[in-house]
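Participant: Next up is a structure, given as C-alpha cells.
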Amino acid sequence: MNRDFNNQIIQGNTLDVLKTMPDNMVDMGATSPPYNKKEKNKGWLVDKVIYENFIDKVSESEYQQNQIDVLNEIYRITKDGGCFFYNHKLRWDRGDMSHPMDWLRKTKWHIRQEIIWDRMIAANIRGWRFWQVEERIYWLHKPDNKNKIGVELKSAHALQTSIWRFAPERNNPHPAPYPLELPTRAIYAIMDNKKDGLILDPYMGSGTTAVAAKLLGHNYLGIEASEEYIKMAQDRIDNSDSEIKNFNQEMEKHKVRKTFKQRKDEKKFTGRFKSNQKPQLKISELF
Ligand SMILES: C[S@@+](CC[C@H](N)C(=O)[O-])C[C@H]1O[C@@H](n2cnc3c(N)ncnc32)[C@H](O)[C@@H]1O
C-alpha cells in the first residue's frame with residue numbers, strides 16, 4: 001500500500017493528476033463528475049451550478065471521451081476486486097438524449113449495478129418530459145482473477161435496494177454537492193466493518209466523500225480543480241464530527257433484525273414471489 005496518498009486532496013485537473021498515480025492502490029471510490037450541463041437554459045436549479053474554476057461546457061463527444069479516459073485511469077489505480085460508484089444522470093440536448101451507458105460500456109469497468117437515486121425534486125419543471133426527479137449511480141467493478149461477479153453484499157447493505165432515496169443537500173455552499181448519506185451508503189456497503197482503506201473521489205468538491213470515509217474509519221484521496229472548494233472540503237473534514245447526525249441516520253438503516261435463514265426457518269415471508277400472494281411487504285419491513 002502506498003501511504004503517501006493517504007488523506008490528501010490534490011489540486012489539479014483530474015485526468016492529469018490520475019495519470020501520475022501508481023497502479024492498484026485505492027480500495028474503492030465514489031464521485032459525481034461535472035455533467036457538461038452547458039450552464040445555460042437548463043432551469044432555475046441547474047442555472048446555479050456554475051463552478052468556481054471550471055467551465056462545464058464542451059462538446060458532448062469531447063466530454064464523453066474525457067470521462068472514458070478518467071474512468072480507465074481510476075480502473076488502473078483501483079485494486080483488483082475494488083469498485084467505484086459513479087453518479088450521473090440522463091441529459092437531453094435539443095431533444096437528443098445522452099445516457100451514461102453510452103460511455104460506461106466503452107470503459108474497462110464491469111457494470112455491476114445501475115442504481116436509481118430518487119432526489120424527489122425536479123431541476124426543470126417544464127413539460128417537455130415527465131419531471132426528471134432521479135439521477136443514476138453506477139456501481140462499477142474491477143474483477144479479481146477474472147471474477148466478474150465479485151463478493152456478495154451482506155443483507156444489511158443489500159436491503160437498501162436499488163432505489164436510493166435522498167433529498168439533495170441544501171446546507172452546503174458548493175453549487176453541486178451530493179448528500180453525505182450517498183457516499184456513506186456506498187462505502188459502508190462495500191467496506192462493511194473493515195477500516196483503514198483508501199477511498200478515492202477524483203472530483204472532490206466540498207469533500208462529502210472524504211467526510212464519509214473519515215467517519216467510517218478510512219483514509220481519503222481527492223482531486224479538485226478549485227482551491228476554494230479544497231479549503232471548504234478541508235474545513236468539513238476537520239469538523240466531520242458535526243455531521244455525525246446525518247451519518248448515523250444512514251448507519252441506522254443498515255441493520256437486519258432477522259436474517260433470511262431465520263425468516264425461512266420460522267416460515268415467515270422471505271420475499272420469494274408466490275402467485276397467490278397478497279401485495280408484497282416493503283423490503284425494509286422484511287428484515
Ligand atoms: C459535482 S461537483 C462534486 C461535488 C461533491 N460530490 C460534493 O459533494 O461536494 C464536481 C466538482 O468537480 C470539480 N471539477 C470539475 N472539473 C474538474 C477537472 N477537470 N479537474 C478537477 N476538478 C474538476 C468542480 O470544481 C466541482 O467541485
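Residue numbering restarts at 1 for every chain of the C-alpha cells, chains are lettered A, B, ... in their displayed order, and ligands are numbered from 1 as they appear.
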For the alpha helix (DSSP H) assignment from backbone DSSP, which residues of range 90-282 of chain A qualify? Please present them as a PyMOL selection string.

Facilitator: chain A and resi 101-104+155-158+181-191+208-215+227-238+244-252+260-265

Participant: Next, write the just-selected residues to a file, as a PDB file, in the first residue's frame, keeping C-alpha atoms as the atom set.

Facilitator:
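Output below, filename out.pdb:
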ATOM      1  CA  MET A 101     -24.199   3.862 -20.516  1.00  0.00           C
ATOM      2  CA  ASP A 102     -23.141   5.467 -23.839  1.00  0.00           C
ATOM      3  CA  TRP A 103     -19.631   5.888 -22.422  1.00  0.00           C
ATOM      4  CA  LEU A 104     -19.568   3.486 -19.460  1.00  0.00           C
ATOM      5  CA  SER A 155     -28.091  -8.450   3.732  1.00  0.00           C
ATOM      6  CA  ALA A 156     -27.928  -5.354   5.947  1.00  0.00           C
ATOM      7  CA  HIS A 157     -26.489  -3.463   2.973  1.00  0.00           C
ATOM      8  CA  ALA A 158     -28.313  -5.213   0.113  1.00  0.00           C
ATOM      9  CA  GLU A 181     -25.744   9.612   3.013  1.00  0.00           C
ATOM     10  CA  LEU A 182     -24.815   8.705  -0.574  1.00  0.00           C
ATOM     11  CA  PRO A 183     -21.060   8.004  -0.203  1.00  0.00           C
ATOM     12  CA  THR A 184     -21.688   6.708   3.335  1.00  0.00           C
ATOM     13  CA  ARG A 185     -24.028   4.042   1.946  1.00  0.00           C
ATOM     14  CA  ALA A 186     -21.648   3.075  -0.852  1.00  0.00           C
ATOM     15  CA  ILE A 187     -18.530   2.884   1.323  1.00  0.00           C
ATOM     16  CA  TYR A 188     -20.222   1.104   4.237  1.00  0.00           C
ATOM     17  CA  ALA A 189     -21.852  -1.460   1.919  1.00  0.00           C
ATOM     18  CA  ILE A 190     -18.521  -2.377   0.322  1.00  0.00           C
ATOM     19  CA  MET A 191     -16.025  -1.983   3.167  1.00  0.00           C
ATOM     20  CA  THR A 208     -18.557  14.855   1.054  1.00  0.00           C
ATOM     21  CA  THR A 209     -16.870  11.545   0.119  1.00  0.00           C
ATOM     22  CA  ALA A 210     -13.906  12.344   2.377  1.00  0.00           C
ATOM     23  CA  VAL A 211     -16.191  13.119   5.344  1.00  0.00           C
ATOM     24  CA  ALA A 212     -17.972   9.770   4.861  1.00  0.00           C
ATOM     25  CA  ALA A 213     -14.630   7.932   4.516  1.00  0.00           C
ATOM     26  CA  LYS A 214     -13.251   9.540   7.678  1.00  0.00           C
ATOM     27  CA  LEU A 215     -16.371   8.852   9.768  1.00  0.00           C
ATOM     28  CA  GLU A 227      -8.570  25.922  -4.367  1.00  0.00           C
ATOM     29  CA  GLU A 228     -11.675  27.433  -2.773  1.00  0.00           C
ATOM     30  CA  TYR A 229     -13.502  24.060  -2.753  1.00  0.00           C
ATOM     31  CA  ILE A 230     -10.404  22.325  -1.358  1.00  0.00           C
ATOM     32  CA  LYS A 231     -10.455  24.759   1.582  1.00  0.00           C
ATOM     33  CA  MET A 232     -14.182  24.080   2.002  1.00  0.00           C
ATOM     34  CA  ALA A 233     -13.530  20.321   1.972  1.00  0.00           C
ATOM     35  CA  GLN A 234     -10.630  20.534   4.418  1.00  0.00           C
ATOM     36  CA  ASP A 235     -12.753  22.534   6.821  1.00  0.00           C
ATOM     37  CA  ARG A 236     -15.545  19.939   6.637  1.00  0.00           C
ATOM     38  CA  ILE A 237     -13.100  17.054   7.135  1.00  0.00           C
ATOM     39  CA  ASP A 238     -11.567  18.772  10.187  1.00  0.00           C
ATOM     40  CA  ILE A 244     -22.488  12.770  12.735  1.00  0.00           C
ATOM     41  CA  LYS A 245     -26.299  13.095  12.916  1.00  0.00           C
ATOM     42  CA  ASN A 246     -26.848  12.603   9.157  1.00  0.00           C
ATOM     43  CA  PHE A 247     -24.145   9.949   9.112  1.00  0.00           C
ATOM     44  CA  ASN A 248     -25.791   7.990  11.954  1.00  0.00           C
ATOM     45  CA  GLN A 249     -29.204   8.210  10.277  1.00  0.00           C
ATOM     46  CA  GLU A 250     -27.735   6.309   7.316  1.00  0.00           C
ATOM     47  CA  MET A 251     -25.863   3.805   9.513  1.00  0.00           C
ATOM     48  CA  GLU A 252     -29.106   3.002  11.387  1.00  0.00           C
ATOM     49  CA  PHE A 260     -33.145 -14.597   5.612  1.00  0.00           C
ATOM     50  CA  LYS A 261     -32.458 -18.037   7.159  1.00  0.00           C
ATOM     51  CA  GLN A 262     -34.230 -17.168  10.435  1.00  0.00           C
ATOM     52  CA  ARG A 263     -37.321 -15.979   8.490  1.00  0.00           C
ATOM     53  CA  LYS A 264     -37.238 -19.108   6.325  1.00  0.00           C
ATOM     54  CA  ASP A 265     -36.922 -21.407   9.379  1.00  0.00           C
TER      55      ASP A 265
END

Participant: Can you tell me which residues come within 8 Å of ligand 1 when counting only C-alpha atoms and all ligand atoms, ideally as an mmCIF file with C-alpha atoms, in the first residue's frame?

Facilitator:
data_model
loop_
_atom_site.group_PDB
_atom_site.id
_atom_site.type_symbol
_atom_site.label_atom_id
_atom_site.label_comp_id
_atom_site.auth_asym_id
_atom_site.auth_seq_id
_atom_site.Cartn_x
_atom_site.Cartn_y
_atom_site.Cartn_z
ATOM 1 C CA GLN A 11 -5.272 20.442 -6.670
ATOM 2 C CA GLY A 12 -5.285 19.997 -10.434
ATOM 3 C CA ASN A 13 -7.048 18.584 -13.460
ATOM 4 C CA THR A 14 -8.478 15.146 -12.632
ATOM 5 C CA LEU A 15 -7.133 13.279 -15.668
ATOM 6 C CA THR A 31 -17.795 10.604 -7.256
ATOM 7 C CA SER A 32 -20.134 12.955 -9.007
ATOM 8 C CA PRO A 33 -18.309 14.434 -12.012
ATOM 9 C CA PRO A 34 -19.261 17.693 -13.760
ATOM 10 C CA TYR A 35 -22.183 16.834 -16.058
ATOM 11 C CA TYR A 51 -18.151 26.062 -10.713
ATOM 12 C CA GLU A 52 -15.526 28.393 -9.336
ATOM 13 C CA ASN A 53 -12.621 27.312 -11.515
ATOM 14 C CA PHE A 54 -14.079 25.318 -14.357
ATOM 15 C CA ILE A 55 -16.452 25.836 -17.306
ATOM 16 C CA ASP A 56 -18.833 22.901 -17.616
ATOM 17 C CA HIS A 174 -20.841 24.307 -3.019
ATOM 18 C CA PRO A 175 -23.006 24.549 -6.202
ATOM 19 C CA ALA A 176 -23.488 20.781 -6.684
ATOM 20 C CA PRO A 177 -22.796 18.682 -3.581
ATOM 21 C CA TYR A 178 -24.289 15.240 -3.064
ATOM 22 C CA PRO A 179 -25.731 14.323 0.329
ATOM 23 C CA LEU A 180 -23.474 12.673 2.927
ATOM 24 C CA ASP A 201 -13.010 10.939 -5.057
ATOM 25 C CA PRO A 202 -11.494 12.402 -8.257
ATOM 26 C CA TYR A 203 -13.937 15.380 -8.260
ATOM 27 C CA MET A 204 -13.844 16.115 -4.542
ATOM 28 C CA GLY A 205 -15.890 19.344 -4.484
ATOM 29 C CA SER A 206 -16.816 20.193 -0.895
ATOM 30 C CA GLY A 207 -15.393 16.916 0.456
ATOM 31 C CA THR A 208 -18.557 14.855 1.054
ATOM 32 C CA THR A 209 -16.870 11.545 0.119
ATOM 33 C CA ILE A 223 -8.599 15.610 -6.661
ATOM 34 C CA GLU A 224 -10.200 19.019 -7.203
ATOM 35 C CA ALA A 225 -9.536 21.926 -9.572
ATOM 36 C CA SER A 226 -10.680 24.692 -7.234
ATOM 37 C CA TYR A 229 -13.502 24.060 -2.753
ATOM 38 C CA ALA A 233 -13.530 20.321 1.972
#

Participant: Restricting the calculation to only C-alpha atoms, which member of A:Arg91, A:His99, A:His110, A:Lys258 is positioned closest to Lys146 in chain A?

Facilitator: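 Using only C-alpha atoms, Lys146 in chain A sits closest to A:His110.
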
Participant: For range 16-25 of chain A, find every residue with an atom within 6 Å (counting only C-alpha atoms), except residues of its own chain fewer than 3 positions away, and show them as a list in words.

Facilitator: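 Listing them by chain and then by number gives Asn13, Arg76, Ile77, Thr78 and Lys79 of chain A.
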
Participant: Expressed in Å to a single decimal, how great is the separation between CA of Asp144 in chain A and CA of Lys253 in chain A?

Facilitator: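 It comes out at 29.3 Å.
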
Participant: With only C-alpha atoms as the basis for distance, which of A:Asn172, A:Lys108, A:Gly29, A:Ile74 is at the shortest distance from Glu243 in chain A?

Facilitator: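 Result for the nearest residue to Glu243 in chain A: A:Asn172.
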
Participant: Go ahead and compute the interatomic distance for CA of Phe166 in chain A and CA of Asp27 in chain A, in Å to one decimal.

Facilitator: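 These two atoms are separated by 24.9 Å.
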